[in-house]
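J.: Before I ask anything, let me first share the structure, which is written out below as structure tokens.
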Amino acid sequence: MNLGLMFDALVVLPSGVGLTLILTVLSLTAGFLLSVPLAFIRAFGRPGLSLAVLAYTYVIRGTPMLVQLFLLYYGLAQIEAVRASIFWVILRDPLWCALLTFSLNSAAHTTEILCRGLQSVPKGVTEAATSLGLKRFQIARLVTFPIAFRISLPAYGNEVVGMIKGSSLASTVTLLEITGMARQMVSTTFAPYEIFIVAGAIYLSLTSIAVKAMQFLERRLSTGDRPTRRRKARLRPALPDHEITTTPLP
């Protein structure tokens, strides 16, 4: 094992962390924004609309993300109508193709995660909100979705970790994120072992940070203001000790 080469990789590969985070954060954000209305349609929509969303999530979740990326980046370029359209400005760029693929993939997974959370909300909660005079949109925004999000958070944490690792597929369309930088180094040094060990360590660090962040968010959402109450309890002065006196029996 060449330790000097591993040190060189440790210096070079972090330059791809920025692009990895851009792909991950933007894809998760776009996917989440798209998945919220789709999850409500999937859980409470009309049968026809719910079936359409199910078909979308079934196809996306049932096919490899690498195949989806290749179809979008290489496949659409073979269609003359696509090359002549205004969308070709975006579809010819590997960054936009990767973002679109990752976002659609994340949206499909997140839709099913949130759908299960929405279906897990007790009916009594929504009935109580209805009895208070809240409208359907207000119930969905103020009651149903916050509860469903807390329920779905552990599963969504897995989606975040999966997207961090899945962003490595962007290297197959010439993007120089962490894996792309590693492949570039391997092509010049012919030492894949040392370089990909360093790349794996970087991915492990990123996923560990994401797991800790999701665990912290879970604790905050599950405990509410309990930490504040505990801090106030610690600052509250203790009651003075009272001596217990006993009187002897006659």
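In the structure tokens, chains take the letters A, B, ... in the order shown, each chain's residues start at 1, and ligands count up from 1 in the order shown.
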Considering only C-alpha atoms, return as a VMD selection string whatever protein or nucleic-acid residues lie within 10 Å of A:Ala108, sequence-local ones (same chain, fewer than 4 positions apart) excluded.
T.: chain A and resid 31 to 32 34 to 35 38 to 39 53 to 61 102 to 104 112 to 113
J.: From the list A:Ser205, A:Ser50, A:Ser152, A:Ser27, which residue is nearest A:Cys97 when using only C-alpha atoms?
T.: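 Smallest distance to A:Cys97 is found for A:Ser27.
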J.: If you count only C-alpha atoms, which residues fall within 12 Å of A:Tyr73, apart from same-chain ones fewer than 6 positions away, as a PyMOL selection string?
T.: chain A and resi 66-67+79+82-83+88+90-101+170+172-174
J.: In Å, how far is it from atom CA of A:Val160 to atom CA of A:Ile139?
T.: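 That distance, rounded to one decimal, is 27.4 Å.
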J.: Check the smallest atom-to-atom distance from each of A:Ala77, A:Met1, A:Met6, A:Leu217 to A:Leu153 using only C-alpha atoms, then report the winner.
T.: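 Result for the nearest residue to A:Leu153: A:Leu217.
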J.: List the neighbours of stretch 7-12 of chain A out to 8 Å using only C-alpha atoms; skip same-chain residues closer than 6 positions along the sequence, and give me the result as a list in words.
T.: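 Everything that qualifies: Met181, Ala182, Met185, Ile195 and Val198 of chain A.
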J.: Just N, CA and C atoms for this one: save the residues we selected as a compact mmCIF listing (two decimals), in the first residue's frame.
T.:
```txt
# COMPACT_ATOMS: atom_id res chain seq x y z
N MET A 181 -13.28 12.56 -9.56
CA MET A 181 -11.89 12.92 -9.27
C MET A 181 -11.05 11.68 -9.02
N ALA A 182 -11.64 10.69 -8.32
CA ALA A 182 -10.91 9.45 -8.05
C ALA A 182 -10.61 8.70 -9.34
N MET A 185 -7.77 10.36 -11.12
CA MET A 185 -6.47 10.04 -10.52
C MET A 185 -6.03 8.62 -10.87
N ILE A 195 -6.51 4.90 -3.93
CA ILE A 195 -7.32 6.09 -4.20
C ILE A 195 -8.78 5.87 -3.82
N VAL A 198 -9.47 6.06 -0.07
CA VAL A 198 -9.64 7.45 0.38
C VAL A 198 -11.02 7.98 -0.02
```
J.: Can you tell me how far atom CA of A:Leu19 sits from atom CA of A:Leu175, in Å to one decimal?
T.: 8.5 Å
J.: Could you tell me how far atom CA of A:Arg219 lies from atom CA of A:Leu28, in Å and to one decimal?
T.: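 Going from atom CA of A:Arg219 over to atom CA of A:Leu28, I get 21.2 Å.
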J.: From stretch 75-183 of chain A, collect each residue whose DSSP state is helix (DSSP H, G or I) and return the set as a ChimeraX atom specification.
T.: /A:75-78,80-84,88-91,94-119,123-131,136-173,178-183
J.: May I ask which of the residues A:Val211, A:His109, A:Leu206, A:Ser120 is the closest one to A:Gly157, counting only C-alpha atoms?
T.: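 Selected residue with least distance to A:Gly157: A:Val211.
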J.: Which neighbours of A:Gly124 fall inside 12 Å, counting only C-alpha atoms, when residues of the same chain fewer than 5 positions from it are skipped, and could you give them as a ChimeraX atom specification?
T.: /A:129-131,143-144
J.: Quick one: residues within 10 Å of A:Ser222, only C-alpha atoms, excluding same-chain residues fewer than 6 positions away - as a VMD selection string?
T.: chain A and resid 150 to 151 216
J.: Print the selection's residues with N, CA, C and O atoms to a file, as a compact mmCIF listing (two decimals), in the first residue's frame.
T.:
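Writing the result to again_6.txt gives the following:
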```txt
# COMPACT_ATOMS: atom_id res chain seq x y z
N ARG A 150 -42.84 13.88 10.97
CA ARG A 150 -42.13 13.30 12.13
C ARG A 150 -42.13 11.77 12.06
O ARG A 150 -41.14 11.13 12.42
N ILE A 151 -43.23 11.21 11.60
CA ILE A 151 -43.30 9.74 11.48
C ILE A 151 -42.33 9.25 10.40
O ILE A 151 -41.68 8.21 10.55
N PHE A 216 -30.21 14.20 15.27
CA PHE A 216 -30.43 15.42 16.05
C PHE A 216 -31.80 16.02 15.73
O PHE A 216 -32.54 16.45 16.63
```
